[in-house]
$ cat my_file.cif   # mmCIF, C-alpha atoms
data_entry
loop_
_atom_site.label_atom_id
_atom_site.label_comp_id
_atom_site.auth_asym_id
_atom_site.auth_seq_id
_atom_site.Cartn_x
_atom_site.Cartn_y
_atom_site.Cartn_z
CA MET A 1 128.48 138.88 60.01
CA ASN A 2 128.50 137.34 56.55
CA GLN A 3 131.37 135.16 57.62
CA VAL A 4 129.37 133.88 60.60
CA ILE A 5 126.40 132.97 58.41
CA LYS A 6 128.73 131.22 56.01
CA ASP A 7 130.29 129.26 58.90
CA PHE A 8 126.85 128.30 60.13
CA LYS A 9 125.57 127.14 56.72
CA ASN A 10 128.72 125.17 56.05
CA GLY A 11 127.71 122.23 58.24
CA LEU A 12 124.16 122.02 56.97
CA TRP A 13 124.97 120.80 53.48
CA GLN A 14 128.31 121.81 51.96
CA GLU A 15 130.34 120.07 54.64
CA ASN A 16 127.61 118.02 56.30
CA PRO A 17 129.48 115.86 58.84
CA ILE A 18 127.74 112.63 57.91
CA PHE A 19 126.98 112.83 54.20
CA ARG A 20 129.96 114.94 53.15
CA LEU A 21 132.81 114.63 55.65
CA VAL A 22 131.70 111.11 56.66
CA ILE A 23 132.96 111.54 60.22
CA GLY A 24 131.36 110.54 63.51
CA MET A 25 130.28 107.20 62.06
CA CYS A 26 130.17 105.24 65.32
CA PRO A 27 127.00 106.87 66.73
CA THR A 28 125.65 107.32 63.22
CA LEU A 29 125.61 103.61 62.58
CA ALA A 30 124.88 102.44 66.11
CA VAL A 31 121.93 104.45 67.37
CA THR A 32 119.91 105.39 64.31
CA ASN A 33 117.55 102.43 64.43
CA THR A 34 114.68 104.76 65.33
CA ALA A 35 114.06 108.42 64.53
CA THR A 36 113.75 109.30 68.23
CA ASN A 37 117.14 107.80 69.05
CA GLY A 38 118.69 109.65 66.11
CA LEU A 39 117.23 112.95 67.29
CA ALA A 40 118.36 112.45 70.89
CA MET A 41 121.85 111.44 69.84
CA GLY A 42 122.04 114.40 67.45
CA LEU A 43 121.01 116.87 70.14
CA ALA A 44 123.35 115.41 72.77
CA THR A 45 126.26 115.51 70.32
CA SER A 46 125.37 119.07 69.25
CA PHE A 47 125.36 120.24 72.84
CA VAL A 48 128.81 118.77 73.47
CA LEU A 49 130.10 120.08 70.14
CA ILE A 50 128.88 123.67 70.65
CA SER A 51 129.98 123.90 74.31
CA SER A 52 133.44 122.53 73.66
CA GLU A 53 133.97 124.68 70.56
CA ILE A 54 133.18 127.76 72.67
CA VAL A 55 135.47 126.76 75.54
CA ILE A 56 138.34 125.66 73.33
CA SER A 57 138.13 128.75 71.18
CA LEU A 58 138.34 130.83 74.39
CA ILE A 59 141.34 129.02 75.86
CA LYS A 60 143.17 128.18 72.62
CA LYS A 61 145.98 130.69 73.28
CA LEU A 62 146.71 129.22 76.72
CA ILE A 63 147.15 125.65 75.52
CA PRO A 64 150.67 124.64 74.40
CA THR A 65 150.53 122.86 71.05
CA ASN A 66 152.18 119.70 72.41
CA VAL A 67 149.28 118.93 74.73
CA ARG A 68 146.42 120.33 72.71
CA ILE A 69 144.79 116.96 71.93
CA PRO A 70 144.69 115.75 75.59
CA SER A 71 143.42 119.19 76.60
CA TYR A 72 140.61 119.03 74.01
CA ILE A 73 139.70 115.52 75.14
CA LEU A 74 139.50 116.65 78.78
CA VAL A 75 137.18 119.52 77.89
CA ILE A 76 135.03 117.29 75.68
CA ALA A 77 134.90 114.51 78.31
CA THR A 78 133.72 117.00 80.92
CA PHE A 79 130.78 118.07 78.75
CA VAL A 80 129.97 114.48 77.82
CA THR A 81 129.86 113.39 81.47
CA PHE A 82 127.67 116.37 82.22
CA THR A 83 125.30 115.36 79.40
CA ASP A 84 125.26 111.77 80.65
CA TYR A 85 124.22 112.74 84.18
CA PHE A 86 121.81 115.38 82.93
CA LEU A 87 119.95 112.94 80.68
CA LYS A 88 119.84 110.27 83.39
CA ALA A 89 118.40 112.77 85.86
CA PHE A 90 115.87 114.52 83.64
CA PHE A 91 115.15 112.22 80.70
CA PRO A 92 115.58 108.69 82.07
CA SER A 93 113.84 106.96 79.15
CA ILE A 94 116.06 108.60 76.52
CA ALA A 95 119.10 107.94 78.71
CA SER A 96 118.31 104.24 78.91
CA SER A 97 117.97 103.85 75.14
CA LEU A 98 121.20 105.75 74.45
CA SER A 99 123.02 104.54 77.56
CA LEU A 100 126.08 102.98 75.98
CA PHE A 101 126.54 105.61 73.29
CA ILE A 102 126.66 108.78 75.36
CA PRO A 103 130.14 108.05 76.80
CA LEU A 104 131.25 107.31 73.24
CA ILE A 105 130.64 110.94 72.23
CA VAL A 106 134.03 111.64 73.84
CA VAL A 107 135.80 109.90 71.01
CA ASN A 108 133.39 111.01 68.29
CA CYS A 109 135.82 112.28 65.68
CA LEU A 110 133.32 114.90 64.57
CA ILE A 111 133.84 116.74 67.85
CA LEU A 112 137.61 116.41 68.11
CA GLY A 113 137.86 117.13 64.38
CA ARG A 114 136.00 120.42 64.64
CA GLN A 115 138.17 121.52 67.60
CA GLU A 116 141.32 120.82 65.66
CA ALA A 117 140.10 122.15 62.31
CA PHE A 118 138.05 125.11 63.47
CA ALA A 119 137.79 126.14 67.11
CA SER A 120 141.55 126.15 67.70
CA LYS A 121 142.07 128.61 64.82
CA ASN A 122 139.03 130.87 64.89
CA PRO A 123 137.44 133.39 67.28
CA VAL A 124 134.57 132.47 69.61
CA HIS A 125 131.65 133.80 67.57
CA ARG A 126 132.76 131.94 64.45
CA SER A 127 133.39 128.75 66.44
CA PHE A 128 129.91 129.01 67.92
CA ALA A 129 128.38 129.38 64.44
CA ASP A 130 130.40 126.41 63.22
CA GLY A 131 129.25 124.31 66.21
CA VAL A 132 125.59 125.15 65.69
CA GLY A 133 125.78 124.50 61.95
CA MET A 134 127.64 121.22 62.31
CA GLY A 135 125.33 120.19 65.16
CA ILE A 136 122.19 120.81 63.13
CA GLY A 137 123.76 119.15 60.09
CA PHE A 138 124.63 116.10 62.20
CA THR A 139 121.18 116.00 63.81
CA TRP A 140 119.12 116.22 60.63
CA ALA A 141 121.26 113.54 59.02
CA LEU A 142 120.75 111.21 62.02
CA VAL A 143 117.00 111.87 62.08
CA LEU A 144 116.72 111.17 58.35
CA LEU A 145 118.72 107.96 58.70
CA GLY A 146 116.72 106.93 61.76
CA SER A 147 113.41 107.62 60.02
CA VAL A 148 114.32 105.58 56.94
CA ARG A 149 115.46 102.65 59.07
CA GLU A 150 112.52 102.81 61.46
CA LEU A 151 110.03 103.06 58.58
CA LEU A 152 111.44 100.06 56.74
CA GLY A 153 112.31 98.06 59.84
CA MET A 154 109.24 98.64 61.98
CA GLY A 155 106.77 100.52 59.79
CA SER A 156 106.77 103.58 62.02
CA ILE A 157 108.45 106.99 62.37
CA PHE A 158 108.99 108.56 65.81
CA GLY A 159 107.01 105.61 67.20
CA LEU A 160 103.93 106.47 65.11
CA GLN A 161 102.70 103.53 63.06
CA ILE A 162 102.69 104.66 59.43
CA LEU A 163 102.59 101.50 57.40
CA GLY A 164 99.62 99.23 58.04
CA GLU A 165 99.27 95.59 58.97
CA TRP A 166 100.01 94.53 55.40
CA TYR A 167 103.62 95.66 55.70
CA ARG A 168 106.08 92.99 56.68
CA PRO A 169 108.92 94.79 58.52
CA MET A 170 112.43 94.27 57.17
CA ILE A 171 114.15 93.51 60.46
CA ILE A 172 117.59 93.85 58.86
CA MET A 173 117.02 97.61 58.60
CA ILE A 174 117.09 98.10 62.37
CA LEU A 175 120.11 95.82 62.77
CA PRO A 176 123.67 97.09 62.16
CA ALA A 177 123.71 95.90 58.54
CA GLY A 178 120.70 98.09 57.80
CA ALA A 179 122.67 101.12 58.97
CA PHE A 180 125.40 100.53 56.39
CA ILE A 181 122.88 99.89 53.61
CA SER A 182 120.80 103.01 54.29
CA LEU A 183 123.84 105.22 54.89
CA GLY A 184 125.39 104.12 51.59
CA ILE A 185 122.20 104.76 49.64
CA LEU A 186 121.65 108.16 51.30
CA VAL A 187 125.23 109.31 50.63
CA GLY A 188 124.71 108.25 47.01
CA ILE A 189 121.49 110.26 46.76
CA MET A 190 123.21 113.32 48.31
CA ASN A 191 126.02 113.11 45.79
CA LEU A 192 123.52 112.86 42.96
CA ILE A 193 121.66 115.96 44.18
CA SER A 194 124.89 117.96 44.56
CA ARG A 195 125.99 117.02 41.08
CA LYS A 196 122.64 118.11 39.62
CA VAL A 197 122.81 121.42 41.50
CA ASN A 198 126.31 122.14 40.27
CA MET B 1 159.07 128.24 76.73
CA GLU B 2 155.76 127.43 75.04
CA ASN B 3 156.37 123.71 75.18
CA SER B 4 158.47 123.39 78.34
CA THR B 5 157.62 120.33 80.41
CA SER B 6 156.40 122.32 83.39
CA ARG B 7 154.09 124.35 81.16
CA LEU B 8 152.57 121.16 79.73
CA ILE B 9 152.06 119.65 83.17
CA LEU B 10 150.58 122.88 84.49
CA THR B 11 148.10 123.19 81.60
CA LEU B 12 146.76 119.67 81.91
CA THR B 13 146.60 119.92 85.70
CA VAL B 14 144.62 123.14 85.61
CA ILE B 15 142.16 121.78 83.05
CA GLY B 16 141.84 118.53 85.03
CA VAL B 17 141.14 120.35 88.30
CA ILE B 18 138.53 122.64 86.73
CA SER B 19 136.88 119.67 85.04
CA ALA B 20 136.80 117.73 88.32
CA LEU B 21 135.25 120.69 90.14
CA VAL B 22 132.52 121.10 87.52
CA LEU B 23 131.73 117.39 87.53
CA THR B 24 131.61 117.21 91.32
CA PHE B 25 128.94 119.87 91.26
CA VAL B 26 127.00 118.13 88.48
CA PHE B 27 127.26 114.80 90.28
CA GLN B 28 125.87 116.21 93.52
CA TRP B 29 123.08 117.93 91.66
CA THR B 30 121.91 114.92 89.62
CA THR B 31 122.57 111.88 91.83
CA PRO B 32 119.52 112.28 94.09
CA LEU B 33 117.32 112.61 90.99
CA ILE B 34 118.87 109.58 89.32
CA ASN B 35 118.42 107.47 92.46
CA LYS B 36 114.83 108.64 92.73
CA HIS B 37 114.11 107.52 89.15
CA LYS B 38 115.64 104.12 89.88
CA ALA B 39 113.60 103.69 93.07
CA VAL B 40 110.39 104.75 91.34
CA ALA B 41 111.04 102.35 88.46
CA GLN B 42 111.65 99.49 90.87
CA GLU B 43 108.58 100.25 92.94
CA LYS B 44 106.43 100.44 89.82
CA ALA B 45 107.82 97.09 88.73
CA ILE B 46 106.98 95.49 92.09
CA PHE B 47 103.38 96.68 91.95
CA SER B 48 103.02 95.55 88.36
CA VAL B 49 104.02 91.96 89.20
CA LEU B 50 101.99 91.71 92.41
CA PRO B 51 98.40 92.48 91.36
CA GLY B 52 96.32 94.11 94.08
CA ALA B 53 99.26 94.88 96.34
CA VAL B 54 99.18 98.28 98.06
CA GLU B 55 101.94 97.85 100.60
CA ILE B 56 105.39 96.38 100.24
CA LYS B 57 107.78 95.03 102.82
CA LYS B 58 111.39 94.46 101.91
CA HIS B 59 113.48 91.70 103.47
CA ASP B 60 116.77 89.96 102.85
CA LYS B 61 117.15 86.21 102.97
CA ASN B 62 119.84 83.83 101.66
CA GLY B 63 121.66 86.79 100.12
CA ASN B 64 118.66 87.86 98.01
CA THR B 65 116.28 90.76 98.48
CA PHE B 66 112.60 89.87 98.44
CA PHE B 67 109.55 92.08 98.48
CA THR B 68 106.36 90.86 100.12
CA GLY B 69 103.20 92.59 98.93
CA TYR B 70 100.06 93.03 101.03
CA ASP B 71 96.62 94.07 99.76
CA LYS B 72 94.17 96.57 101.24
CA SER B 73 92.89 94.20 103.92
CA GLY B 74 96.46 93.40 104.94
CA SER B 75 96.61 89.88 103.65
CA LYS B 76 99.60 88.63 101.74
CA VAL B 77 99.44 88.88 97.95
CA GLY B 78 102.75 87.29 97.09
CA ILE B 79 106.48 87.65 96.88
CA ALA B 80 108.50 89.55 94.30
CA MET B 81 112.22 89.59 93.68
CA VAL B 82 114.75 91.22 91.37
CA THR B 83 116.88 88.72 89.58
CA GLU B 84 119.34 88.73 86.73
CA GLY B 85 121.22 86.45 84.39
CA GLY B 86 123.01 86.37 81.08
CA GLY B 87 121.03 87.13 77.95
CA PHE B 88 121.93 86.91 74.28
CA GLN B 89 123.95 90.12 74.75
CA GLY B 90 124.76 91.35 78.22
CA VAL B 91 122.79 90.96 81.39
CA ILE B 92 119.02 90.73 81.62
CA LYS B 93 117.57 92.04 84.87
CA LEU B 94 113.96 91.34 85.66
CA MET B 95 111.35 91.52 88.39
CA ILE B 96 109.24 88.45 89.08
CA GLY B 97 106.10 88.24 91.20
CA THR B 98 104.89 84.94 92.61
CA ASP B 99 101.96 83.54 94.55
CA LEU B 100 103.43 80.93 96.89
CA ASP B 101 100.09 79.70 98.25
CA GLN B 102 98.90 78.69 94.82
CA GLY B 103 102.37 77.90 93.52
CA LYS B 104 102.24 80.13 90.48
CA ILE B 105 103.93 83.14 88.86
CA TYR B 106 101.89 86.34 88.70
CA GLY B 107 104.02 87.85 85.98
CA ILE B 108 107.41 89.29 85.09
CA LYS B 109 108.75 92.69 84.14
CA ILE B 110 112.07 93.23 82.35
CA LEU B 111 114.06 95.99 84.06
CA GLU B 112 117.26 96.07 82.03
CA HIS B 113 118.51 94.28 78.95
CA GLN B 114 120.73 94.74 75.91
CA GLU B 115 119.02 92.35 73.49
CA THR B 116 118.83 93.07 69.76
CA PRO B 117 116.25 95.75 68.98
CA GLY B 118 113.28 94.30 67.12
CA LEU B 119 114.21 90.70 67.90
CA GLY B 120 115.44 89.80 71.39
CA ALA B 121 114.20 93.13 72.71
CA ARG B 122 110.68 91.79 72.26
CA ILE B 123 111.13 90.00 75.59
CA THR B 124 109.79 93.27 77.02
CA GLY B 125 106.60 92.96 74.93
CA GLU B 126 103.30 91.77 76.35
CA GLU B 127 103.09 88.86 73.92
CA TYR B 128 106.17 87.17 75.33
CA LYS B 129 105.70 88.20 78.96
CA SER B 130 102.15 86.83 78.94
CA ASN B 131 103.80 83.40 78.74
CA PHE B 132 104.59 83.73 82.43
CA VAL B 133 101.28 85.12 83.64
CA ASP B 134 99.65 82.63 86.05
CA LYS B 135 102.24 80.03 85.16
CA PRO B 136 102.42 77.20 87.74
CA PHE B 137 105.81 76.46 89.33
CA GLY B 138 107.66 73.70 87.56
CA SER B 139 110.22 72.85 84.99
CA TYR B 140 109.70 75.02 81.93
CA GLN B 141 110.28 74.07 78.35
CA VAL B 142 110.84 76.62 75.59
CA ILE B 143 109.11 75.57 72.38
CA LYS B 144 108.71 77.17 68.97
CA LYS B 145 105.00 76.70 68.37
CA SER B 146 101.97 77.23 70.56
CA SER B 147 101.00 74.34 72.80
CA SER B 148 98.48 73.60 75.49
CA ASN B 149 101.00 72.22 77.99
CA PRO B 150 100.91 74.67 80.92
CA LEU B 151 104.68 74.40 81.45
CA ASP B 152 105.59 75.34 77.87
CA ILE B 153 106.96 78.80 77.05
CA GLU B 154 106.38 80.02 73.53
CA ALA B 155 109.61 81.41 72.03
CA ILE B 156 109.76 84.69 70.11
CA ALA B 157 110.24 84.00 66.40
CA GLY B 158 113.86 84.83 65.52
CA ALA B 159 114.89 85.20 69.16
CA THR B 160 114.91 81.70 70.58
CA ILE B 161 118.08 82.32 72.60
CA SER B 162 116.72 85.42 74.33
CA SER B 163 113.48 83.55 75.05
CA LYS B 164 115.41 80.64 76.57
CA LYS B 165 117.64 82.91 78.65
CA VAL B 166 114.70 84.73 80.19
CA THR B 167 113.02 81.41 80.92
CA ASN B 168 116.19 80.21 82.67
CA ILE B 169 116.32 83.36 84.78
CA VAL B 170 112.68 82.93 85.74
CA GLN B 171 113.26 79.25 86.52
CA ASN B 172 116.15 80.10 88.87
CA ALA B 173 114.17 82.86 90.54
CA VAL B 174 111.27 80.50 91.24
CA GLN B 175 113.70 78.05 92.82
CA GLU B 176 115.25 80.81 94.95
CA ILE B 177 111.85 81.94 96.16
CA GLU B 178 110.74 78.40 96.93
CA LYS B 179 113.99 77.78 98.78
CA ALA B 180 113.63 80.94 100.84
CA PHE B 181 109.93 80.74 101.59
CA GLY B 182 108.98 77.12 100.90
CA GLY B 183 107.90 74.94 103.76
CA GLY B 184 104.70 76.80 104.51
CA GLU B 185 105.64 80.33 105.41
#

$ encode --input "my_file.cif" --output "structure tokens"
Amino acid sequence: MNQVIKDFKNGLWQENPIFRLVIGMCPTLAVTNTATNGLAMGLATSFVLISSEIVISLIKKLIPTNVRIPSYILVIATFVTFTDYFLKAFFPSIASSLSLFIPLIVVNCLILGRQEAFASKNPVHRSFADGVGMGIGFTWALVLLGSVRELLGMGSIFGLQILGEWYRPMIIMILPAGAFISLGILVGIMNLISRKVN
Amino acid sequence: MENSTSRLILTLTVIGVISALVLTFVFQWTTPLINKHKAVAQEKAIFSVLPGAVEIKKHDKNGNTFFTGYDKSGSKVGIAMVTEGGGFQGVIKLMIGTDLDQGKIYGIKILEHQETPGLGARITGEEYKSNFVDKPFGSYQVIKKSSSNPLDIEAIAGATISSKKVTNIVQNAVQEIEKAFGGGE
């Protein structure tokens, strides 16, 4: 049980996919221009990550090592396509703002990386814990990044106007360049905190 | 044995078949819902660009699909059409509603676009779209400051290209509608 909790906590901070491992950068940089988009992308990725970690951990013994990567990709792609259709059918507004980036989850190296590094070597319950932890770690990082960019770029968070009329939005923050700037500063802050803690 | 060719082929085939089965099921389950959302969105767009319309009739002419709106008393409100063209990034698809009798545009609604968030994406905002409300048919000019000329379209600051592209699409749509229905229909 202790091991499971450790696996779960791992992704939250110690090995946070965005701030620590710095993987899965494509969606991180592309869709975090608002907090809502960050949250939706985080949840969609988490769903794919958890489901594929479970399936791959279950079938790991049946997959010959030579074709493990194509097998993982097939499993991941199945879940991604499912997510794509599901969002389009039940959450059309979120689907339209994420449209292009959902199919890209297939090649998100966070997901393939966790299959290779964790699910293919560990039992189902530990893979599940790892998926949930990594998923939450990924989601909170995207929401934080999205909130910072939305606040500075549009003066709002989750669509709620926070800064008043006096604030002149820095449009660069919601453009791609703003993603690099805020990510760099946030990673720096995280490193500073870790160093203080240690 | 582990890595024999037949074993590799078999593994990938089995995974592929299972994946295809799952997705076939998902596809059948979600497609009707997705189509419904699309139809609802289009219908909403038609009503929003034809004020007062309660009934819509669809007809094809010259390779385009037009929607004629009728009000409560059954008289014709105007004609709407879906049209698209290139934007600053990707295709912009919009719905335009026109009043042929008075020769003016009722308004436009952007259906799909991939313009830059915060800049070009403001073509979906009321401030820019209001440019086209009650605009007479004619040759439009995109300008950067406000003017009293009825044929001028005020560009969005920082998104002149997007503003021009939308204006072009609207211009073409007006011509298509006039071509299809002009001559006193």

$ residues_around --input "my_file.cif" --residues "Gly113 of chain A" --least-positions-apart "4" --cutoff "12 Å" --atoms "all atoms listed in the file" --output "PyMOL selection string"
chain A and resi 17+21-24+49+52-53+69+72-73+76+106-109+117-120+130-131+134

$ axis_aligned_box --input "my_file.cif" --around "segment 110-114 of chain A" --padding-each-side "6 Å" --output "AutoDock Vina command-line options"
--center_x 135.6 --center_y 117.7 --center_z 66.2 --size_x 16.5 --size_y 17.5 --size_z 15.7

$ residues_near_point --input "my_file.cif" --point "(114.5, 83.3, 67.9)" --cutoff "12 Å" --atoms "all atoms listed in the file" --output "count of residues only"
26

$ residues_around --input "my_file.cif" --residues "segment 48-64 of chain B" --least-positions-apart "2" --cutoff "10 Å" --atoms "only C-alpha atoms" --output "PyMOL selection string"
chain B and resi 42-46+66-83+95-99+105-109+133+176-177+179-181

$ interface_residues --input "my_file.cif" --of "chain B" --to "chain A" --cutoff "9 Å" --atoms "only C-alpha atoms" --output "list in words"
Glu2, Asn3, Ser4, Arg7, Leu8, Ile9, Thr11, Leu12, Ile15, Gly16, Ser19, Ala20, Val22, Leu23, Val26, Phe27, Thr30, Thr31, Pro32, Leu33, Ile34, Asn35, Lys36, His37, Glu112, Thr116, Pro117, Gly118 and Leu119 of chain B

$ residues_near_point --input "my_file.cif" --point "(121.7, 114.1, 76.3)" --cutoff "8 Å" --atoms "all atoms listed in the file" --output "JSON list (two decimals) with C-alpha atoms, keeping the file's coordinate frame"
[["chain", "number", "residue", "atom", "x", "y", "z"],
["A", 40, "ALA", "CA", 118.36, 112.45, 70.89],
["A", 41, "MET", "CA", 121.85, 111.44, 69.84],
["A", 43, "LEU", "CA", 121.01, 116.87, 70.14],
["A", 44, "ALA", "CA", 123.35, 115.41, 72.77],
["A", 45, "THR", "CA", 126.26, 115.51, 70.32],
["A", 47, "PHE", "CA", 125.36, 120.24, 72.84],
["A", 83, "THR", "CA", 125.30, 115.36, 79.40],
["A", 84, "ASP", "CA", 125.26, 111.77, 80.65],
["A", 86, "PHE", "CA", 121.81, 115.38, 82.93],
["A", 87, "LEU", "CA", 119.95, 112.94, 80.68],
["A", 94, "ILE", "CA", 116.06, 108.60, 76.52],
["A", 95, "ALA", "CA", 119.10, 107.94, 78.71],
["A", 102, "ILE", "CA", 126.66, 108.78, 75.36]]

$ atom_distance --input "my_file.cif" --atom1 "atom CA of Leu145 of chain A" --atom2 "atom CA of Thr32 of chain A"
6.3 Å

$ atom_distance --input "my_file.cif" --atom1 "atom CA of Thr65 of chain B" --atom2 "atom CA of Leu98 of chain A"
28.7 Å

$ atom_distance --input "my_file.cif" --atom1 "atom CA of Ile181 of chain A" --atom2 "atom CA of Gly135 of chain A"
23.5 Å

$ resolve_selection --input "my_file.cif" --expression "the PyMOL selection byres ((chain B and resi 92) around 9)" --output "PDB file with C-alpha atoms, in the coordinates of the input"
ATOM      1  CA  THR B  83     116.880  88.720  89.580  1.00  0.00           C
ATOM      2  CA  GLU B  84     119.340  88.730  86.730  1.00  0.00           C
ATOM      3  CA  GLY B  85     121.220  86.450  84.390  1.00  0.00           C
ATOM      4  CA  GLY B  86     123.010  86.370  81.080  1.00  0.00           C
ATOM      5  CA  GLY B  87     121.030  87.130  77.950  1.00  0.00           C
ATOM      6  CA  PHE B  88     121.930  86.910  74.280  1.00  0.00           C
ATOM      7  CA  GLN B  89     123.950  90.120  74.750  1.00  0.00           C
ATOM      8  CA  GLY B  90     124.760  91.350  78.220  1.00  0.00           C
ATOM      9  CA  VAL B  91     122.790  90.960  81.390  1.00  0.00           C
ATOM     10  CA  LYS B  93     117.570  92.040  84.870  1.00  0.00           C
ATOM     11  CA  LEU B  94     113.960  91.340  85.660  1.00  0.00           C
ATOM     12  CA  ILE B 110     112.070  93.230  82.350  1.00  0.00           C
ATOM     13  CA  LEU B 111     114.060  95.990  84.060  1.00  0.00           C
ATOM     14  CA  GLU B 112     117.260  96.070  82.030  1.00  0.00           C
ATOM     15  CA  HIS B 113     118.510  94.280  78.950  1.00  0.00           C
ATOM     16  CA  GLN B 114     120.730  94.740  75.910  1.00  0.00           C
ATOM     17  CA  GLU B 115     119.020  92.350  73.490  1.00  0.00           C
ATOM     18  CA  LYS B 165     117.640  82.910  78.650  1.00  0.00           C
ATOM     19  CA  VAL B 166     114.700  84.730  80.190  1.00  0.00           C
ATOM     20  CA  ILE B 169     116.320  83.360  84.780  1.00  0.00           C
TER      21      ILE B 169
END

$ closest_residue --input "my_file.cif" --among "A:Phe128, A:Phe19, A:Trp13, A:Phe8" --to "Ser51 of chain A" --atoms "only C-alpha atoms"
A:Phe128

$ residues_around --input "my_file.cif" --residues "Ser147 of chain A" --least-positions-apart "2" --cutoff "10 Å" --atoms "only C-alpha atoms" --output "list in words"
Thr32, Asn33, Thr34, Ala35, Thr36, Asn37, Gly38, Leu39, Ala141, Leu142, Val143, Leu144, Leu145, Arg149, Glu150, Leu151, Leu152, Gly153, Gly155, Ser156, Ile157, Phe158 and Gly159 of chain A

$ decode --input "my_file.cif" --residues "segment 83-128 of chain A" --atoms "C-alpha atoms" --output "PDB file, in the first residue's frame"
ATOM      1  CA  THR A  83     -11.743  10.867 -26.141  1.00  0.00           C
ATOM      2  CA  ASP A  84     -11.993  12.901 -29.341  1.00  0.00           C
ATOM      3  CA  TYR A  85     -15.423  11.521 -30.247  1.00  0.00           C
ATOM      4  CA  PHE A  86     -16.615  11.641 -26.649  1.00  0.00           C
ATOM      5  CA  LEU A  87     -15.760  15.335 -26.254  1.00  0.00           C
ATOM      6  CA  LYS A  88     -17.290  16.216 -29.625  1.00  0.00           C
ATOM      7  CA  ALA A  89     -20.506  14.424 -28.679  1.00  0.00           C
ATOM      8  CA  PHE A  90     -20.909  15.608 -25.099  1.00  0.00           C
ATOM      9  CA  PHE A  91     -18.818  18.761 -24.700  1.00  0.00           C
ATOM     10  CA  PRO A  92     -18.865  20.417 -28.130  1.00  0.00           C
ATOM     11  CA  SER A  93     -17.585  23.794 -26.909  1.00  0.00           C
ATOM     12  CA  ILE A  94     -14.509  22.308 -25.214  1.00  0.00           C
ATOM     13  CA  ALA A  95     -13.961  20.067 -28.239  1.00  0.00           C
ATOM     14  CA  SER A  96     -13.930  23.032 -30.586  1.00  0.00           C
ATOM     15  CA  SER A  97     -11.355  24.953 -28.552  1.00  0.00           C
ATOM     16  CA  LEU A  98      -9.066  21.920 -28.225  1.00  0.00           C
ATOM     17  CA  SER A  99      -9.885  20.457 -31.640  1.00  0.00           C
ATOM     18  CA  LEU A 100      -6.416  20.266 -33.132  1.00  0.00           C
ATOM     19  CA  PHE A 101      -4.660  19.190 -29.954  1.00  0.00           C
ATOM     20  CA  ILE A 102      -6.680  16.125 -28.987  1.00  0.00           C
ATOM     21  CA  PRO A 103      -5.277  13.951 -31.816  1.00  0.00           C
ATOM     22  CA  LEU A 104      -1.818  15.143 -30.771  1.00  0.00           C
ATOM     23  CA  ILE A 105      -2.180  13.385 -27.398  1.00  0.00           C
ATOM     24  CA  VAL A 106      -1.223  10.204 -29.296  1.00  0.00           C
ATOM     25  CA  VAL A 107       2.329  11.412 -29.642  1.00  0.00           C
ATOM     26  CA  ASN A 108       2.494  13.151 -26.275  1.00  0.00           C
ATOM     27  CA  CYS A 109       5.754  11.784 -24.935  1.00  0.00           C
ATOM     28  CA  LEU A 110       4.411  11.919 -21.390  1.00  0.00           C
ATOM     29  CA  ILE A 111       2.039   9.073 -22.223  1.00  0.00           C
ATOM     30  CA  LEU A 112       4.401   6.898 -24.228  1.00  0.00           C
ATOM     31  CA  GLY A 113       7.143   7.663 -21.694  1.00  0.00           C
ATOM     32  CA  ARG A 114       5.098   6.419 -18.746  1.00  0.00           C
ATOM     33  CA  GLN A 115       4.183   3.203 -20.613  1.00  0.00           C
ATOM     34  CA  GLU A 116       7.817   2.501 -21.344  1.00  0.00           C
ATOM     35  CA  ALA A 117       9.182   3.603 -17.969  1.00  0.00           C
ATOM     36  CA  PHE A 118       6.430   2.363 -15.691  1.00  0.00           C
ATOM     37  CA  ALA A 119       3.419   0.426 -16.956  1.00  0.00           C
ATOM     38  CA  SER A 120       5.487  -2.107 -18.903  1.00  0.00           C
ATOM     39  CA  LYS A 121       7.455  -3.039 -15.763  1.00  0.00           C
ATOM     40  CA  ASN A 122       4.966  -2.764 -12.915  1.00  0.00           C
ATOM     41  CA  PRO A 123       1.702  -4.451 -11.855  1.00  0.00           C
ATOM     42  CA  VAL A 124      -1.712  -2.945 -12.595  1.00  0.00           C
ATOM     43  CA  HIS A 125      -2.418  -1.302  -9.239  1.00  0.00           C
ATOM     44  CA  ARG A 126       0.924   0.499  -9.218  1.00  0.00           C
ATOM     45  CA  SER A 127       0.496   1.570 -12.860  1.00  0.00           C
ATOM     46  CA  PHE A 128      -2.927   2.951 -12.030  1.00  0.00           C
TER      47      PHE A 128
END
